[in-house]
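Data file: protein08.tsv. Format and content: TSV, C-alpha atoms and all ligand atoms.
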```tsv
chain	number	residue	atom	x	y	z
Q	1394	MET	CA	31.76	10.46	13.59
Q	1395	LYS	CA	33.83	7.59	14.94
Q	1396	PRO	CA	32.22	4.12	15.16
Q	1397	ARG	CA	29.82	3.80	18.06
Q	1398	LYS	CA	28.38	0.74	19.75
Q	1399	ILE	CA	24.72	-0.17	19.55
Q	1400	LYS	CA	25.42	-3.60	21.03
Q	1401	ASP	CA	28.74	-5.31	21.76
Q	1402	HIS	CA	28.61	-6.88	18.30
Q	1403	ILE	CA	27.02	-4.00	16.35
Q	1404	LEU	CA	28.72	-0.71	15.51
Q	1405	THR	CA	27.52	2.29	13.52
Q	1406	PHE	CA	29.97	3.10	10.76
Q	1407	GLY	CA	28.27	5.84	8.82
Q	1408	ALA	CA	28.86	9.51	8.12
Q	1409	VAL	CA	26.94	12.60	9.18
Q	1410	ASP	CA	26.59	15.14	6.36
Q	1411	TRP	CA	25.95	18.36	8.27
Q	1412	ASP	CA	26.37	20.63	5.27
Q	1413	ARG	CA	24.36	18.94	2.53
Q	1414	ARG	CA	21.54	21.26	1.52
Q	1415	LEU	CA	20.08	19.51	-1.53
Q	1416	PHE	CA	19.33	15.92	-2.40
Q	1417	ASP	CA	18.77	14.62	-5.93
Q	1418	SER	CA	19.42	18.23	-7.00
Q	1419	LEU	CA	15.81	18.79	-5.93
Q	1420	ILE	CA	15.02	18.16	-2.28
Q	1421	PRO	CA	15.98	20.85	0.26
Q	1422	LEU	CA	17.79	19.47	3.32
Q	1423	PRO	CA	17.54	22.26	5.91
Q	1424	ASP	CA	18.93	19.94	8.61
Q	1425	GLY	CA	21.55	18.04	6.59
Q	1426	THR	CA	21.44	14.24	6.59
Q	1427	SER	CA	23.38	11.12	7.50
Q	1428	TYR	CA	24.31	7.93	5.68
Q	1429	ASN	CA	24.18	5.21	8.31
Q	1430	SER	CA	26.21	2.06	7.86
Q	1431	TYR	CA	26.36	-0.74	10.44
Q	1432	LEU	CA	28.97	-3.40	11.18
Q	1433	VAL	CA	27.51	-6.64	12.56
Q	1434	ARG	CA	29.96	-9.24	13.90
Q	1435	GLY	CA	28.85	-12.83	14.36
Q	1436	SER	CA	31.07	-15.55	15.82
Q	1437	GLU	CA	31.99	-16.67	12.29
Q	1438	LYS	CA	31.27	-13.91	9.81
Q	1439	THR	CA	31.15	-10.12	9.69
Q	1440	ALA	CA	28.73	-8.06	7.62
Q	1441	LEU	CA	28.59	-4.37	6.77
Q	1442	ILE	CA	25.00	-3.21	6.34
Q	1443	ASP	CA	24.80	-0.52	3.64
Q	1444	THR	CA	27.63	1.88	2.85
Q	1445	VAL	CA	27.63	5.67	2.49
Q	1446	ASP	CA	27.34	8.33	-0.17
Q	1447	PRO	CA	30.53	8.29	-2.29
Q	1448	THR	CA	31.31	11.85	-1.13
Q	1449	LYS	CA	31.86	10.35	2.35
Q	1450	SER	CA	33.72	7.14	1.38
Q	1451	GLU	CA	36.86	8.27	3.17
Q	1452	ILE	CA	35.02	8.41	6.50
Q	1453	LEU	CA	33.69	4.89	6.05
Q	1454	LEU	CA	37.12	3.55	5.06
Q	1455	GLU	CA	38.70	5.28	8.05
Q	1456	ASN	CA	36.10	3.66	10.33
Q	1457	LEU	CA	36.87	0.28	8.75
Q	1458	ARG	CA	40.61	0.64	9.46
Q	1459	GLY	CA	40.53	-1.73	12.42
Q	1460	VAL	CA	38.36	-4.32	10.67
Q	1461	ALA	CA	40.67	-7.01	9.32
Q	1462	ASP	CA	38.11	-9.16	7.51
Q	1463	LEU	CA	34.74	-8.46	6.01
Q	1464	ASP	CA	32.62	-11.26	4.59
Q	1465	TYR	CA	29.50	-9.47	3.39
Q	1466	VAL	CA	28.21	-6.07	2.38
Q	1467	VAL	CA	24.43	-6.02	2.63
Q	1468	ALA	CA	23.01	-3.67	-0.02
Q	1469	HIS	CA	19.40	-2.92	0.80
Q	1470	HIS	CA	18.99	-0.47	-2.03
Q	1471	GLY	CA	20.75	0.51	-5.24
Q	1472	GLU	CA	20.63	4.27	-4.81
Q	1473	GLN	CA	24.12	5.67	-4.56
Q	1474	ASP	CA	23.76	7.39	-1.17
Q	1475	HIS	CA	23.88	3.86	0.30
Q	1476	SER	CA	25.55	1.81	-2.41
Q	1477	GLY	CA	28.02	4.35	-3.77
Q	1478	SER	CA	30.90	3.28	-1.53
Q	1479	ILE	CA	30.51	-0.46	-2.20
Q	1480	PRO	CA	33.25	-0.42	-4.90
Q	1481	ALA	CA	35.70	1.18	-2.45
Q	1482	VAL	CA	34.79	-1.39	0.24
Q	1483	LEU	CA	35.22	-4.26	-2.22
Q	1484	GLU	CA	38.60	-2.92	-3.21
Q	1485	LYS	CA	39.68	-3.06	0.44
Q	1486	TYR	CA	38.06	-6.47	1.02
Q	1487	PRO	CA	38.26	-8.36	-2.31
Q	1488	LYS	CA	36.80	-11.53	-0.78
Q	1489	ALA	CA	33.66	-9.82	0.52
Q	1490	ARG	CA	30.41	-10.56	-1.27
Q	1491	VAL	CA	27.53	-8.15	-1.87
Q	1492	VAL	CA	24.29	-9.46	-0.38
Q	1493	CYS	CA	21.14	-8.12	-2.02
Q	1494	SER	CA	17.83	-8.95	-3.67
Q	1495	PRO	CA	17.99	-10.39	-7.21
Q	1496	LYS	CA	16.57	-7.13	-8.59
Q	1497	ALA	CA	19.20	-5.07	-6.76
Q	1498	LYS	CA	21.99	-7.08	-8.37
Q	1499	GLY	CA	21.06	-5.86	-11.85
Q	1500	ILE	CA	20.79	-2.28	-10.62
Q	1501	LEU	CA	24.13	-2.37	-8.79
Q	1502	VAL	CA	25.91	-3.92	-11.79
Q	1503	ASP	CA	24.62	-1.15	-14.04
Q	1504	LEU	CA	24.96	1.80	-11.64
Q	1505	LEU	CA	28.33	0.95	-10.10
Q	1506	ALA	CA	29.93	-1.53	-12.52
Q	1507	ILE	CA	30.32	-4.12	-9.77
Q	1508	PRO	CA	31.34	-7.48	-11.34
Q	1509	GLN	CA	28.58	-10.13	-11.43
Q	1510	ASP	CA	30.66	-12.67	-9.45
Q	1511	LYS	CA	30.78	-10.37	-6.41
Q	1512	PHE	CA	27.13	-10.98	-5.56
Q	1513	VAL	CA	25.10	-13.41	-3.47
Q	1514	THR	CA	21.38	-12.79	-3.93
Q	1515	PHE	CA	18.71	-13.66	-1.39
Q	1516	GLU	CA	15.04	-14.27	-2.00
Q	1517	ASP	CA	12.38	-12.79	0.24
Q	1518	GLY	CA	12.48	-14.41	3.71
Q	1519	GLN	CA	15.85	-16.15	3.23
Q	1520	THR	CA	18.34	-15.91	6.07
Q	1521	LEU	CA	22.09	-15.63	6.46
Q	1522	SER	CA	23.86	-16.84	9.59
Q	1523	LEU	CA	26.88	-14.90	10.80
Q	1524	GLY	CA	27.40	-17.38	13.66
Q	1525	GLY	CA	24.99	-16.83	16.52
Q	1526	LEU	CA	23.33	-13.98	14.61
Q	1527	THR	CA	20.71	-14.44	11.93
Q	1528	LEU	CA	20.02	-11.87	9.25
Q	1529	GLU	CA	16.55	-12.30	7.74
Q	1530	PHE	CA	16.08	-10.48	4.44
Q	1531	ILE	CA	12.59	-9.11	3.81
Q	1532	HIS	CA	11.87	-7.76	0.36
Q	1533	THR	CA	10.03	-4.44	0.56
Q	1534	PRO	CA	9.52	-3.48	-3.08
Q	1535	TRP	CA	8.89	0.18	-3.86
Q	1536	VAL	CA	10.17	1.55	-0.58
Q	1537	HIS	CA	11.11	3.40	-2.65
Q	1538	TRP	CA	12.70	1.56	-5.59
Q	1539	PRO	CA	11.67	-1.86	-6.97
Q	1540	GLU	CA	14.66	-3.69	-5.46
Q	1541	THR	CA	14.46	-2.39	-1.89
Q	1542	MET	CA	14.67	-4.76	1.07
Q	1543	VAL	CA	15.19	-4.57	4.82
Q	1544	THR	CA	17.08	-6.84	7.23
Q	1545	TYR	CA	15.75	-8.16	10.52
Q	1546	LEU	CA	18.39	-9.26	12.99
Q	1547	ARG	CA	16.44	-11.93	14.82
Q	1548	GLU	CA	18.49	-12.34	17.99
Q	1549	ASP	CA	18.56	-8.60	18.77
Q	1550	LYS	CA	15.14	-7.78	17.26
Q	1551	ILE	CA	16.63	-4.91	15.24
Q	1552	LEU	CA	15.18	-3.88	11.90
Q	1553	PHE	CA	17.77	-2.35	9.56
Q	1554	SER	CA	15.39	-0.44	7.34
Q	1555	CYS	CA	17.54	1.65	4.96
Q	1556	ASP	CA	15.34	4.50	3.57
Q	1557	PHE	CA	12.17	3.07	5.17
Q	1558	PHE	CA	11.48	5.18	8.33
Q	1559	GLY	CA	14.49	7.37	7.53
Q	1560	SER	CA	14.87	11.11	8.03
Q	1561	HIS	CA	17.19	13.68	6.54
Q	1562	LEU	CA	18.55	14.93	9.84
Q	1563	ALA	CA	22.14	15.47	10.91
Q	1564	GLN	CA	22.65	15.18	14.65
Q	1565	SER	CA	25.41	14.12	17.02
Q	1566	ASP	CA	23.20	11.79	19.08
Q	1567	LEU	CA	22.74	8.27	17.79
Q	1568	PHE	CA	19.12	7.87	18.87
Q	1569	VAL	CA	16.03	10.07	18.70
Q	1570	VAL	CA	16.26	12.76	21.38
Q	1571	ASP	CA	13.78	15.40	20.25
Q	1572	GLU	CA	10.73	13.56	18.88
Q	1573	GLY	CA	9.16	16.74	17.46
Q	1574	ARG	CA	12.26	17.51	15.42
Q	1575	VAL	CA	12.57	13.96	14.15
Q	1576	TYR	CA	8.84	13.79	13.36
Q	1577	GLU	CA	9.12	16.84	11.09
Q	1578	ALA	CA	12.29	15.55	9.39
Q	1579	ALA	CA	10.84	12.06	8.90
Q	1580	LYS	CA	7.58	13.49	7.56
Q	1581	ARG	CA	9.52	15.67	5.11
Q	1582	TYR	CA	11.44	12.55	4.05
Q	1583	PHE	CA	8.23	10.55	3.67
Q	1584	ALA	CA	6.56	13.34	1.68
Q	1585	GLU	CA	9.37	13.74	-0.80
Q	1586	ILE	CA	10.60	10.16	-1.18
Q	1587	MET	CA	7.93	7.71	-0.04
Q	1588	MET	CA	4.54	9.33	-0.62
Q	1589	PRO	CA	4.30	8.34	-4.32
Q	1590	PHE	CA	4.50	4.70	-3.14
Q	1591	ARG	CA	1.97	5.00	-0.31
Q	1592	THR	CA	-0.01	1.93	-1.29
Q	1593	ALA	CA	3.14	-0.19	-1.64
Q	1594	ILE	CA	4.20	1.00	1.81
Q	1595	GLN	CA	0.82	-0.04	3.22
Q	1596	LYS	CA	1.56	-3.60	2.02
Q	1597	ASN	CA	5.09	-3.53	3.37
Q	1598	MET	CA	3.91	-2.27	6.76
Q	1599	GLU	CA	1.62	-5.31	6.86
Q	1600	ARG	CA	4.60	-7.54	6.09
Q	1601	ILE	CA	6.60	-6.35	9.09
Q	1602	LYS	CA	3.73	-5.91	11.54
Q	1603	ASP	CA	4.20	-9.29	13.21
Q	1604	LEU	CA	7.94	-8.88	13.77
Q	1605	LYS	CA	8.93	-8.10	17.32
Q	1606	ILE	CA	10.98	-4.96	16.73
Q	1607	GLU	CA	12.89	-3.42	19.63
Q	1608	MET	CA	14.93	-1.01	17.52
Q	1609	ILE	CA	14.77	0.43	14.01
Q	1610	ALA	CA	18.12	1.34	12.51
Q	1611	PRO	CA	17.51	3.33	9.31
Q	1612	SER	CA	20.18	4.47	6.88
Q	1613	HIS	CA	19.30	8.17	7.26
Q	1614	GLY	CA	18.82	10.07	10.51
Q	1615	PRO	CA	18.69	8.92	14.11
Q	1616	LEU	CA	17.93	5.36	15.26
Q	1617	TYR	CA	14.62	4.58	16.94
Q	1618	ASP	CA	14.87	2.82	20.29
Q	1619	CYS	CA	11.10	3.31	20.64
Q	1620	PRO	CA	10.03	2.10	17.18
Q	1621	GLU	CA	6.31	2.64	17.79
Q	1622	PHE	CA	6.90	6.40	17.51
Q	1623	ILE	CA	7.84	6.22	13.83
Q	1624	MET	CA	5.64	3.23	12.99
Q	1625	ASP	CA	2.57	5.07	14.32
Q	1626	ALA	CA	3.53	8.13	12.29
Q	1627	TYR	CA	3.87	6.02	9.13
Q	1628	ARG	CA	0.48	4.39	9.76
Q	1629	GLU	CA	-1.08	7.85	9.84
Q	1630	TRP	CA	0.78	9.12	6.76
Q	1631	ILE	CA	-0.05	6.09	4.60
Q	1632	SER	CA	-3.72	5.93	5.64
Q	1633	ASP	CA	-6.28	6.60	2.91
Q	1634	LYS	CA	-8.16	9.23	4.88
Q	1635	PRO	CA	-6.95	12.84	4.56
Q	1636	LYS	CA	-7.39	15.49	7.24
Q	1637	ASN	CA	-9.60	18.56	7.29
Q	1638	SER	CA	-6.81	20.51	5.68
Q	1639	ALA	CA	-6.37	22.59	2.50
Q	1640	VAL	CA	-3.13	23.57	0.79
Q	1641	VAL	CA	-3.39	26.96	-0.91
Q	1642	ALA	CA	-0.31	27.60	-3.06
Q	1643	TYR	CA	0.04	30.63	-5.27
Q	1644	VAL	CA	2.08	33.23	-7.09
Q	1645	SER	CA	0.96	36.82	-7.57
Q	1646	MET	CA	2.65	39.32	-9.90
Q	1647	HIS	CA	0.67	42.52	-9.36
Q	1648	GLY	CA	-1.45	41.71	-6.31
Q	1649	SER	CA	-4.78	40.55	-7.80
Q	1650	THR	CA	-4.20	36.84	-7.22
Q	1651	GLU	CA	-2.87	37.58	-3.73
Q	1652	THR	CA	-6.06	39.51	-2.91
Q	1653	MET	CA	-8.11	36.51	-4.05
Q	1654	ILE	CA	-5.96	34.13	-2.00
Q	1655	SER	CA	-6.37	36.25	1.13
Q	1656	ARG	CA	-10.15	36.22	0.73
Q	1657	LEU	CA	-10.27	32.45	0.17
Q	1658	VAL	CA	-7.93	31.61	3.03
Q	1659	ALA	CA	-9.92	33.77	5.47
Q	1660	ALA	CA	-13.18	32.22	4.25
Q	1661	LEU	CA	-11.83	28.69	4.68
Q	1662	ALA	CA	-10.56	29.44	8.17
Q	1663	GLU	CA	-13.95	30.92	9.11
Q	1664	ARG	CA	-15.58	27.68	7.99
Q	1665	GLY	CA	-13.28	25.58	10.14
Q	1666	VAL	CA	-10.94	24.27	7.43
Q	1667	GLU	CA	-7.25	24.19	8.37
Q	1668	VAL	CA	-5.27	26.07	5.71
Q	1669	TRP	CA	-1.62	25.92	4.71
Q	1670	GLN	CA	-0.82	28.97	2.56
Q	1671	PHE	CA	2.37	28.97	0.45
Q	1672	ASN	CA	3.73	31.75	-1.72
Q	1673	LEU	CA	5.53	29.78	-4.44
Q	1674	ALA	CA	7.70	32.74	-5.43
Q	1675	ASP	CA	10.06	31.86	-2.59
Q	1676	ILE	CA	9.36	28.54	-0.95
Q	1677	ASP	CA	10.98	25.50	0.65
Q	1678	ILE	CA	9.21	22.84	-1.42
Q	1679	GLY	CA	9.71	20.39	1.44
Q	1680	LYS	CA	7.21	22.41	3.52
Q	1681	LEU	CA	4.69	22.18	0.67
Q	1682	ALA	CA	5.30	18.42	0.38
Q	1683	ILE	CA	4.78	17.97	4.15
Q	1684	ALA	CA	1.43	19.81	4.01
Q	1685	LEU	CA	0.35	17.61	1.09
Q	1686	VAL	CA	0.76	14.44	3.20
Q	1687	ASP	CA	-2.49	15.15	5.08
Q	1688	ALA	CA	-4.39	17.63	2.90
Q	1689	ALA	CA	-7.81	16.83	1.44
Q	1690	THR	CA	-7.83	19.86	-0.89
Q	1691	ILE	CA	-5.37	21.82	-2.98
Q	1692	VAL	CA	-6.09	25.24	-4.44
Q	1693	LEU	CA	-3.58	26.70	-6.88
Q	1694	GLY	CA	-3.59	30.46	-7.39
Q	1695	THR	CA	-1.92	31.96	-10.43
Q	1696	PRO	CA	-1.83	34.97	-12.69
Q	1697	ALA	CA	-1.77	34.29	-16.43
Q	1698	VAL	CA	1.72	34.36	-17.94
Q	1699	HIS	CA	1.50	34.24	-21.74
Q	1700	VAL	CA	-2.04	32.86	-21.19
Q	1701	GLY	CA	-0.85	29.87	-19.12
Q	1702	PRO	CA	-0.16	29.48	-15.38
Q	1703	HIS	CA	2.88	31.15	-13.84
Q	1704	PRO	CA	5.84	28.72	-14.33
Q	1705	LYS	CA	6.32	28.45	-10.55
Q	1706	VAL	CA	2.71	27.33	-10.19
Q	1707	ALA	CA	3.20	24.87	-13.06
Q	1708	TYR	CA	6.21	23.50	-11.17
Q	1709	ALA	CA	4.15	23.06	-7.99
Q	1710	ALA	CA	1.39	21.33	-9.97
Q	1711	PHE	CA	3.93	19.02	-11.61
Q	1712	LEU	CA	5.52	18.26	-8.23
Q	1713	ALA	CA	2.17	17.53	-6.55
Q	1714	ASN	CA	1.30	15.24	-9.46
Q	1715	ALA	CA	4.61	13.38	-9.03
Q	1716	LEU	CA	4.22	13.03	-5.24
Q	1717	ARG	CA	0.68	11.57	-5.57
Q	1718	PRO	CA	-0.74	12.75	-2.24
Q	1719	LYS	CA	-4.15	11.52	-1.07
Q	1720	LEU	CA	-5.90	14.75	-2.12
Q	1721	LYS	CA	-9.60	14.49	-2.87
Q	1722	PHE	CA	-10.45	17.96	-4.19
Q	1723	ALA	CA	-8.73	20.65	-6.25
Q	1724	SER	CA	-9.48	24.08	-7.61
Q	1725	ILE	CA	-7.74	26.92	-9.39
Q	1726	ILE	CA	-8.10	30.62	-8.84
Q	1727	GLY	CA	-6.35	33.58	-10.46
Q	1728	SER	CA	-6.33	36.70	-12.52
Q	1729	TYR	CA	-5.39	37.62	-16.09
Q	1730	GLY	CA	-4.84	40.76	-18.11
Q	1731	TRP	CA	-5.74	40.02	-21.74
Q	1732	GLY	CA	-6.36	36.29	-22.13
Q	1733	GLN	CA	-5.92	33.02	-20.32
Q	1734	LYS	CA	-6.01	29.22	-20.57
Q	1735	ILE	CA	-4.94	28.66	-16.98
Q	1736	VAL	CA	-7.41	25.95	-16.01
Q	1737	GLU	CA	-6.97	23.86	-19.17
Q	1738	GLN	CA	-3.18	23.99	-18.92
Q	1739	ILE	CA	-3.02	23.04	-15.23
Q	1740	ALA	CA	-5.59	20.26	-15.69
Q	1741	VAL	CA	-3.31	18.33	-18.04
Q	1742	MET	CA	-0.42	18.59	-15.56
Q	1743	ILE	CA	-2.13	16.65	-12.77
Q	1744	PRO	CA	-3.41	13.33	-14.20
Q	1745	ASN	CA	-2.17	11.40	-11.13
Q	1746	LEU	CA	-4.29	13.40	-8.72
Q	1747	LYS	CA	-7.58	11.58	-8.45
Q	1748	VAL	CA	-9.43	14.71	-7.40
Q	1749	GLU	CA	-12.85	16.21	-7.89
Q	1750	VAL	CA	-12.33	19.64	-9.41
Q	1751	LEU	CA	-14.35	22.36	-7.69
Q	1752	ALA	CA	-15.48	25.41	-9.68
Q	1753	PRO	CA	-12.44	27.60	-10.49
Q	1754	VAL	CA	-12.57	31.36	-9.95
Q	1755	ILE	CA	-10.74	33.31	-12.65
Q	1756	CYS	CA	-11.13	37.07	-13.01
Q	1757	ARG	CA	-9.82	39.77	-15.30
Q	1758	GLY	CA	-7.63	42.29	-13.49
Q	1759	LEU	CA	-8.66	43.22	-9.97
Q	1760	PRO	CA	-11.19	40.91	-8.29
Q	1761	ARG	CA	-14.62	42.54	-7.90
Q	1762	GLU	CA	-17.60	41.81	-5.66
Q	1763	ALA	CA	-18.86	38.96	-7.84
Q	1764	ASP	CA	-15.41	37.33	-7.67
Q	1765	PHE	CA	-15.35	37.59	-3.87
Q	1766	VAL	CA	-18.78	35.98	-3.75
Q	1767	ALA	CA	-17.47	33.17	-5.99
Q	1768	LEU	CA	-14.47	32.71	-3.66
Q	1769	ASP	CA	-16.78	32.49	-0.64
Q	1770	LYS	CA	-18.82	29.88	-2.53
Q	1771	LEU	CA	-15.64	27.92	-3.25
Q	1772	ALA	CA	-14.85	27.98	0.48
Q	1773	ASP	CA	-18.44	26.79	1.19
Q	1774	SER	CA	-18.00	23.99	-1.28
Q	1775	ILE	CA	-14.62	22.86	0.18
Q	1776	ALA	CA	-15.98	22.90	3.74
Q	1777	GLN	CA	-19.08	20.98	2.66
Q	1778	LYS	CA	-16.99	18.35	0.85
Q	1779	HIS	CA	-14.79	17.92	3.92
Q	1780	LYS	CA	-17.90	17.46	6.05
Q	1781	GLU	CA	-19.31	14.88	3.67
Q	1782	LEU	CA	-16.06	12.90	3.95
Q	1783	GLY	CA	-16.35	13.01	7.75
Q	1784	LEU	CA	-13.23	15.16	8.10
Q	1785	MET	CA	-14.94	17.82	10.21
Q	1786	SER	CA	-17.93	17.94	12.44
Q	1787	GLN	CA	-21.30	18.47	10.75
Q	1788	GLY	CA	-22.60	21.85	11.74
B	1	LIG	FE1	18.63	7.08	0.76
B	1	LIG	FE2	16.80	5.98	-1.84
B	1	LIG	O1	18.33	6.48	-0.95
```
Now, as a test, write the supplied structure out as structure tokens.
Amino acid sequence: MKPRKIKDHILTFGAVDWDRRLFDSLIPLPDGTSYNSYLVRGSEKTALIDTVDPTKSEILLENLRGVADLDYVVAHHGEQDHSGSIPAVLEKYPKARVVCSPKAKGILVDLLAIPQDKFVTFEDGQTLSLGGLTLEFIHTPWVHWPETMVTYLREDKILFSCDFFGSHLAQSDLFVVDEGRVYEAAKRYFAEIMMPFRTAIQKNMERIKDLKIEMIAPSHGPLYDCPEFIMDAYREWISDKPKNSAVVAYVSMHGSTETMISRLVAALAERGVEVWQFNLADIDIGKLAIALVDAATIVLGTPAVHVGPHPKVAYAAFLANALRPKLKFASIIGSYGWGQKIVEQIAVMIPNLKVEVLAPVICRGLPREADFVALDKLADSIAQKHKELGLMSQG
């Protein structure tokens, strides 16, 4: 994309990555992404806010072709999808200085070998005047690295938020057009990147709540000209209260575990619990992560593989543990042929999940009547727990 105007003195300079399908060699990007960079011109100084992934450096440099002088490169965050083109920008503008938090300086020196004398660090709340435009730097640690900060442009009431409020979404429009589409992409982004730092984000939301924000300009995805849309969504996602929702994720090899899952899912639905069922044999893990944002309960279903859980279930357990959702309850169901230590092995994989474990249901071979009764009791127990937490109406 060519540079586009947000205001007379602010241009977007980033790159849309329509074809990227994986981030961090882990996160599926069904809708691509963008690396947004912004050029802000004051009457005296010019600043570039964030750069782009190094795979797109050429686009950024092409966009900078008409920019004779650059005084500052604001680096909100050390991760290379925003910082990776800073060396190329500094090569073009040797007098430019990198503006960042003191913690970011150390990270950028180590990750990108930027010389120490290229930096000007700013403490939380310090400002930088570009001439008629004031950049206020607000440290927002753990959104989602320790050095992260955002910039508030006081005169225009724009919050440049980097990953905060971002979405992995490639689109040709600059601003949000389809709120439903952006909501899903931003929730996926939150689930995979931000959810482990939910409590830190609660504090950072408090820090920006008194700013008058007319526009949020993130470094991924479309800009928000109605910021309340994404701020309301974040308030819901970071809240401590889950929803009346259960994630049921499983693998079945010969059908027994699948039969158990079908019984449990039907029983939960009958009792008024919303269920998200995922077959882990072939799954977009982003969908699982999205469901975990709101869920109160997770049930993992697995056959025994060499006595332990199926490796794909172990992966899901490990991922859920890393993402630290606000789950309150967990259980395990499954089937084995000749021996199993499924429950013990999964239990040690999820120390971060502060959950109450509800009675597992493990059977040998095909589930029988007693197993179906146990599954119905598990559904009773989940529904009752949700009621006790006030997640569903008492009935
Ligand atoms: Fe978009 Fe944490 O980088």
Report as a Markdown table: every residue of chain Q with an atom at most 6 Å from ligand LIG 1 (chain B), its closest pair of atoms, and their distance in Å to one decimal, counting all atoms listed in the file, with rows sorted by chain and ascending residue number.
```
| residue | atom | partner | partner_atom | distance |
| --- | --- | --- | --- | --- |
| Q:Glu1472 | CA | B:LIG1 | O1 | 5.0 |
| Q:Asp1474 | CA | B:LIG1 | FE1 | 5.5 |
| Q:Asp1556 | CA | B:LIG1 | FE1 | 5.0 |
```
Contacts of Asn1672 in chain Q at 7 Å (all atoms listed in the file; same-chain gap of 2+ positions) as a PyMOL selection string: chain Q and resi 1642-1644+1670+1674-1676
Mind writing the picked residues with C-alpha atoms as an mmCIF file, in the frame of the given file?
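File produced: out03.cif:
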```cif
data_model
loop_
_atom_site.group_PDB
_atom_site.id
_atom_site.type_symbol
_atom_site.label_atom_id
_atom_site.label_comp_id
_atom_site.auth_asym_id
_atom_site.auth_seq_id
_atom_site.Cartn_x
_atom_site.Cartn_y
_atom_site.Cartn_z
ATOM 1 C CA ALA Q 1642 -0.310 27.600 -3.060
ATOM 2 C CA TYR Q 1643 0.040 30.630 -5.270
ATOM 3 C CA VAL Q 1644 2.080 33.230 -7.090
ATOM 4 C CA GLN Q 1670 -0.820 28.970 2.560
ATOM 5 C CA ALA Q 1674 7.700 32.740 -5.430
ATOM 6 C CA ASP Q 1675 10.060 31.860 -2.590
ATOM 7 C CA ILE Q 1676 9.360 28.540 -0.950
#
```
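Closest approach to Gly1499 in chain Q among Q:Arg1397, Q:His1470, Q:Lys1485, Q:Ser1638 is made by Q:His1470 (distances from only C-alpha atoms).
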If I take CA of Ser1436 in chain Q and CA of Ser1522 in chain Q, how far is one from the other in Å, to one decimal? 9.6 Å
Point-to-point distance in Å for CA of Lys1496 in chain Q and CA of Pro1539 in chain Q: 7.4 Å
Ala1688 in chain Q proximity check over Q:Pro1487, Q:Gly1573, Q:Pro1495, Q:Pro1718, using all atoms listed in the file: winner is Q:Pro1718
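Proximity to Glu1607 in chain Q was assessed for Q:Asp1549, Q:Glu1663, Q:Asp1571, Q:Asp1625 counting all atoms listed in the file; the smallest distance is recorded for Q:Asp1549.
Every polymer residue reaching to within 8 Å of (10.0, 3.5, -3.6), counting only C-alpha atoms, appears in this list: Pro1534, Trp1535, Val1536, His1537, Trp1538, Pro1539, Thr1541, Ile1586, Met1587, Pro1589 and Phe1590 of chain Q.
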What lies within 10 Å of Glu1437 in chain Q using all atoms listed in the file, ignoring chain neighbours under 6 positions off, as a PyMOL selection string? chain Q and resi 1464+1522-1526
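Residues lying at most 7 Å from (-10.5, 17.7, 4.3) in file coordinates, with only C-alpha atoms considered, are Pro1635, Lys1636, Asn1637, Ser1638, Ala1639, Ala1688, Ala1689, Thr1690, His1779 and Leu1784 of chain Q.
CA of Leu1751 in chain Q sits 7.2 Å away from CA of Leu1771 in chain Q.
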As AutoDock Vina command-line options, what would the box around range 1521-1535 of chain Q look like: edges along x, y and z, 6 Å added on every side, centre and edge lengths in Å to one decimal?
```
--center_x 18.1 --center_y -8.6 --center_z 6.3 --size_x 30.5 --size_y 29.6 --size_z 32.4
```
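Comparing Q:Val1570, Q:Arg1717, Q:Asp1412, Q:Val1686 by their smallest distance to Asp1618 in chain Q, the closest is Q:Val1570 (using all atoms listed in the file).
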Could you list, as an mmCIF file with C-alpha atoms, in the coordinates of the input, every residue within 12 Å of Ser1645 in chain Q, counting only C-alpha atoms and ignoring same-chain residues fewer than 6 positions away?
```cif
data_model
loop_
_atom_site.group_PDB
_atom_site.id
_atom_site.type_symbol
_atom_site.label_atom_id
_atom_site.label_comp_id
_atom_site.auth_asym_id
_atom_site.auth_seq_id
_atom_site.Cartn_x
_atom_site.Cartn_y
_atom_site.Cartn_z
ATOM 1 C CA GLU Q 1651 -2.870 37.580 -3.730
ATOM 2 C CA THR Q 1652 -6.060 39.510 -2.910
ATOM 3 C CA MET Q 1653 -8.110 36.510 -4.050
ATOM 4 C CA ILE Q 1654 -5.960 34.130 -2.000
ATOM 5 C CA SER Q 1655 -6.370 36.250 1.130
ATOM 6 C CA PHE Q 1671 2.370 28.970 0.450
ATOM 7 C CA ASN Q 1672 3.730 31.750 -1.720
ATOM 8 C CA LEU Q 1673 5.530 29.780 -4.440
ATOM 9 C CA ALA Q 1674 7.700 32.740 -5.430
ATOM 10 C CA ASP Q 1675 10.060 31.860 -2.590
ATOM 11 C CA LEU Q 1693 -3.580 26.700 -6.880
ATOM 12 C CA GLY Q 1694 -3.590 30.460 -7.390
ATOM 13 C CA THR Q 1695 -1.920 31.960 -10.430
ATOM 14 C CA PRO Q 1696 -1.830 34.970 -12.690
ATOM 15 C CA ALA Q 1697 -1.770 34.290 -16.430
ATOM 16 C CA VAL Q 1698 1.720 34.360 -17.940
ATOM 17 C CA PRO Q 1702 -0.160 29.480 -15.380
ATOM 18 C CA HIS Q 1703 2.880 31.150 -13.840
ATOM 19 C CA PRO Q 1704 5.840 28.720 -14.330
ATOM 20 C CA LYS Q 1705 6.320 28.450 -10.550
ATOM 21 C CA VAL Q 1706 2.710 27.330 -10.190
ATOM 22 C CA ILE Q 1726 -8.100 30.620 -8.840
ATOM 23 C CA GLY Q 1727 -6.350 33.580 -10.460
ATOM 24 C CA SER Q 1728 -6.330 36.700 -12.520
ATOM 25 C CA TYR Q 1729 -5.390 37.620 -16.090
ATOM 26 C CA GLY Q 1758 -7.630 42.290 -13.490
ATOM 27 C CA LEU Q 1759 -8.660 43.220 -9.970
#
```
